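J.: Starting off with a structure, shown below.
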Amino acid sequence: MPKFEYAPAPESRSIVSLRESYGLFINGEFGPSVDGRAFKTISPATEEVLAEVTEAGPADVDRAVTAARKAYEHTWSAMPGRERAKYLFRIARIVQERARELAVLESLDNGKPIRESRDVDIPLVAAHFFYYAGWADKLEYAGYGPAPRPLGVAGQVIPWNFPLLMLAWKIAPALACGNTVVLKPAETTPLTALAFAEICQQADLPPGVVNIVTGAGETGRALVEHPGIDKVAFTGSTEVGKQIARACAPTRKKVTLELGGKAANVVFEDAPVDQAVEGIVNGIFFNQGHVCCAGSRLLVQESVYDEVLASLRRRLATLRLGDPLDKNTDVGAINSAAQLAKIRELSEVGEAEGAHRWSPPCELPVKGFWFPPTIFTGVSQAHRIAREEIFGPVLSVLTFRTPAEAVEKANNTPYGLSAGVWTEKGSLILWMASRLRAGVVWANTFNKFDPTSPFGGYKESGYGREGGRHGLEAYLDV
Ligand code: NDP
C-alpha cells in the first residue's frame with residue numbers, strides 16, 4: 001500500500017505564555033499557599049519542565065471552600081438565572097477566542113495530539129459552557145420541580161486525560177444551577193485549569209464562584225472530605241472512586257462518580273469493514289487510549305475475523321506517532337511515567353497469559369513517555385487484559401459467533417460505561433442496545449460526545465450522569 005511521508009507541521013507554541021510558577025486561585029485571585037509546597041509539571045513528550053505549580057494543603061483547601069461558601073451565600077445563589085447565564089456565555093466566548101492557545105497548552109501538558117485538543121477537546125469545552133448557559137434561566141422547565149434549588153458548594157476532582165474538558169463537564173452545570181465550586185485538577189495536568197482561572201477573571205466572574213486548588217491525591221482527599229462542601233463530583237479510577245464513596249457515605253454530601261471502563265466494541269459480519277476499522281481505531285487509539293469509555297475490547301464475529309484484523313493491521317501501520325504539537329500526529333505521548341509503567345506491566349501480563357501481541361513498525365522518540373499502538377489477539381475472557389482497564393493504546397481482540405454470545409461477552413465485565421455496535425441492521429442495533437449494560441451505546445460510530453447527551457456508567461463505572469438535562473440533576477436539590 002502506498003504510504004505518504006509527511007513533513008513535520010508543528011503548531012507554534014509561541015501563542016502560550018507560561019508563567020514560571022503558579023499560585024492557587026482562591027476568591028478570584030492567584031495567591032501563595034499557606035501550608036502547601038511547590039511541584040513541577042512537565043511535558044510528557046519531552047520531559048521538559050513547563051512550570052512550577054502549588055500543591056495545596058488542607059488550610060488552602062479550607063480557604064477555598066470558605067471563599068466558595070461566601071460567594072454562594074452572598075452572590076451566586078441569589079443571582080437570577082439569566083444573570084448567571086451571561087457569565088457562562090462570556091466564559092464560552094473567551095474559551096473560543098483563546099482556543100488555539102488552550103489547545104497548544106493542553107497538548108504540551110497532557111501529551112495529546114494537537115489535532116485532538118484543537119478539534120475535539122477545546123470546541124467541546126466551549127460547547128458545554130454555551131449549552132449550560134442556556135439552561136441557567138430555564139431550570140424550572142428541566143423537569144425537577146417548579147423552583148429547583150442549587151446544592152451549595154461543589155468539590156470537584158478531575159483526571160488528566162481530558163483536563164479542560166472534564167473541568168467544563170464539572171463547572172458548567174454546577175454554575176448554571178447556582179452552585180459555587182472548588183476544583184482540583186490532576187497533578188500531571190494543572191495548566192489549562194489555571195488558564196481557566198484567568199478566563200474567570202477576564203469574564204469578571206464574582207470572586208469565589210470558581211476556585212482552583214492544584215495538588216495531588218492528598219489535596220483531592222482534603223477537598224472531598226471537607227465538611228463544608230455539599231456535593232462531590234469525581235472522575236478518575238474506580239479504586240479512588242470507592243474510597244470517596246466510603247468517605248462520603250456517613251455524610252449528607254451528594255456524590256456523582258464517573259469511573260473506569262472496559263468497553264466492548266462489537267463488529268458484526270455485515271458491518272462495513274472500512275468504517276468499522278476507523279471506528280475501532282478511533283475507539284482505542286484516540287487520546288492514546290487514555291479514555292474511560294475507550295473501546296478497549298474488540299469483539300469480532302468469527303466469520304469476518306480475518307478480514308477485519310488484516311484491515312486493522314494495515315490501518316495501524318499508517319498511524320503517525322510523535323510530537324503532540326505536530327498537526328499530522330495521530331498518537332501522542334503517554335501522560336506520565338507511572339501510566340507508561342502500568343501499560344507496560346499489563347501488556348507483559350497479556351503475553352505471559354498467552355495472548356499474541358502485535359504492533360506496527362513504529363519508532364519511538366528517545367525522550368518522553370511513549371507506547372506503540374498495540375493489538376492483542378487470542379485473548380480469552382479470563383485474561384487480565386480483557387478484564388482490567390489498561391488506559392493506554394492497547395486493544396484486546398476476542399471473537400463471537402451469535403448476537404447472544406456477543407451480549408454475554410460484552411456484559412461480562414465489572415464495568416458498564418460504554419459500548420459500540422457495528423452492523424447494517426437497525427433491528428440488531430436496537431436488540432443489542434437494549435441488552436448491553438452500558439451507559440452509552442454507539443451505533444456505527446464511537447467516542448462521539450455532545451453536551452446535550454448524558455454520560456455515565458453502570459456497576460463499577462460509577463453513578464450519576466453528566467451532560468444534557470440529566471446532568472442538571474447532579475447539581476440540584478432534588
Ligand atoms: P486517580 O483516580 O488516582 O486520579 C483522579 C483524580 O483524583 C486526580 O485528580 C487525583 O489526583 C485525585 N485523587 C487521587 N487520590 C485521591 C483521593 N484519595 N481522594 C480524592 N482525590 C484523589 O487516577 P490516576 O490518575 O492515578 O490513574 C490511575 C488509573 O485510573 C488509570 O490507569 C486509569 O486506569 C484510571 N483512570 C480512569 C479515568 C476515567 O476517566 N475513568 C481517568 C483517569 C484514570 P492526582 O492526579 O494528583 O493524583
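All residue names refer to the C-alpha cells as shown: chains lettered A, B, ... in order, residues numbered from 1 in each chain, ligands numbered from 1 in order.
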May I ask you to write as a ChimeraX atom specification all residues lying at most 9 Å from ligand 1, with only C-alpha atoms and all ligand atoms counted?
T.: /A:55,156-162,166,184-189,214-225,234-241,243-244,258-261,290-293,338-340,342-343,388-392,417,461
J.: So that I can check the surroundings of stretch 227-230 of chain A, please list as a list in words every protein, DNA and RNA residue that reaches within 7 Å of it, counting only C-alpha atoms and ignoring chain neighbours fewer than 5 positions away.
T.: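 The contact residues come out as Val65, Leu151, Gly152, Val153, Ala154, Gly155, Lys253 and Lys254 of chain A.
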J.: List every residue of stretch 43-147 of chain A that DSSP, applied to the backbone of this structure, assigns to strand (DSSP E or B), and report them as an mmCIF file with C-alpha atoms, in the first residue's frame.
T.:
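Once everything was written out, this is out.cif:
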```cif
data_model
loop_
_atom_site.group_PDB
_atom_site.id
_atom_site.type_symbol
_atom_site.label_atom_id
_atom_site.label_comp_id
_atom_site.auth_asym_id
_atom_site.auth_seq_id
_atom_site.Cartn_x
_atom_site.Cartn_y
_atom_site.Cartn_z
ATOM 1 C CA VAL A 49 9.652 21.290 32.930
ATOM 2 C CA LEU A 50 6.814 23.585 31.884
ATOM 3 C CA ALA A 51 6.093 25.400 35.141
ATOM 4 C CA GLU A 52 6.083 25.174 38.904
ATOM 5 C CA VAL A 53 2.668 24.667 40.432
ATOM 6 C CA THR A 54 1.398 24.785 44.019
ATOM 7 C CA GLU A 55 0.347 21.700 45.946
#
```
J.: Using only C-alpha atoms, which of A:Ser434, A:Ser359, A:Gln301, A:Thr256 sits nearest A:Gly456?
T.: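 Counting only C-alpha atoms, the residue closest to A:Gly456 is A:Thr256.
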J.: DSSP on the backbone: what in stretch 297-476 of chain A comes out alpha helix (DSSP H), as JSON, numbers by chain?
T.: {"A": [305, 306, 307, 308, 309, 310, 311, 312, 313, 314, 315, 316, 337, 338, 339, 340, 341, 342, 343, 344, 345, 346, 347, 348, 349, 350, 351, 352, 384, 385, 386, 387, 403, 404, 405, 406, 407, 408, 409, 410, 411, 426, 427, 428, 429, 430, 431, 432, 433, 470, 471, 472, 473]}
J.: Hey, which of A:Phe30, A:Tyr463, A:Phe196, A:Trp76 ends up closest to A:Leu102? Count only C-alpha atoms.
T.: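 Comparing A:Phe30, A:Tyr463, A:Phe196, A:Trp76 against A:Leu102, the winner is A:Phe196.
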J.: Could you check which of A:Ala271, A:Ala136, A:Val266, A:Ala9 is closest to A:Arg115, using only C-alpha atoms?
T.: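 Answer, going by the shortest atom-to-atom distance: A:Ala9.
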J.: Name all residues at most 12 Å from A:Glu5 (count only C-alpha atoms; drop same-chain ones fewer than 4 positions away) and give them as a ChimeraX atom specification.
T.: /A:9,318-320,328-329
J.: My list of candidates is A:Leu472, A:Ile15, A:Ala45, A:Ala172. Which is closest to A:Ala337 when distances are computed with only C-alpha atoms?
T.: A:Ala45
J.: Ranking A:Ala64, A:Ile199, A:Ile114, A:Leu88 by minimum distance to A:Ile171 and counting only C-alpha atoms, which one comes first?
T.: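 For A:Ile171, the nearest of the candidates is A:Leu88.
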J.: With only C-alpha atoms as the atoms that count, which of A:Pro163, A:Gly416, A:Pro150, A:Pro365 lies nearest to A:Glu106?
T.: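 Of the candidates, the smallest distance to A:Glu106 is held by A:Pro163.
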J.: Tell me which protein, DNA and RNA residues are within 9 Å of A:Gly134, counting only C-alpha atoms, leaving out same-chain ones fewer than 2 positions away, and put them as a list in words.
T.: Arg82, Ala85, Leu88, Phe89, Phe129, Phe130, Tyr131, Tyr132, Ala136, Asp137, Lys138 and Ala176 of chain A
J.: If you measure from atom CA of A:Ala126 to atom CA of A:Ser296, what distance in Å do you get, rounded to one decimal?
T.: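 It comes out at 28.1 Å.
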J.: Measure the distance from atom CA of A:Val120 to atom CA of A:Ser21 in Å and round it to one decimal.
T.: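 Rounded to one decimal, the two atoms are 28.2 Å apart.
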J.: Please indicate the distance in Å from atom CA of A:Ser12 to atom CA of A:Gln288, rounded to one decimal place.
T.: 22.1 Å
J.: List the neighbours of A:Thr452 out to 8 Å using only C-alpha atoms; skip same-chain residues closer than 5 positions along the sequence, and give me the result as a ChimeraX atom specification.
T.: /A:131,467-469
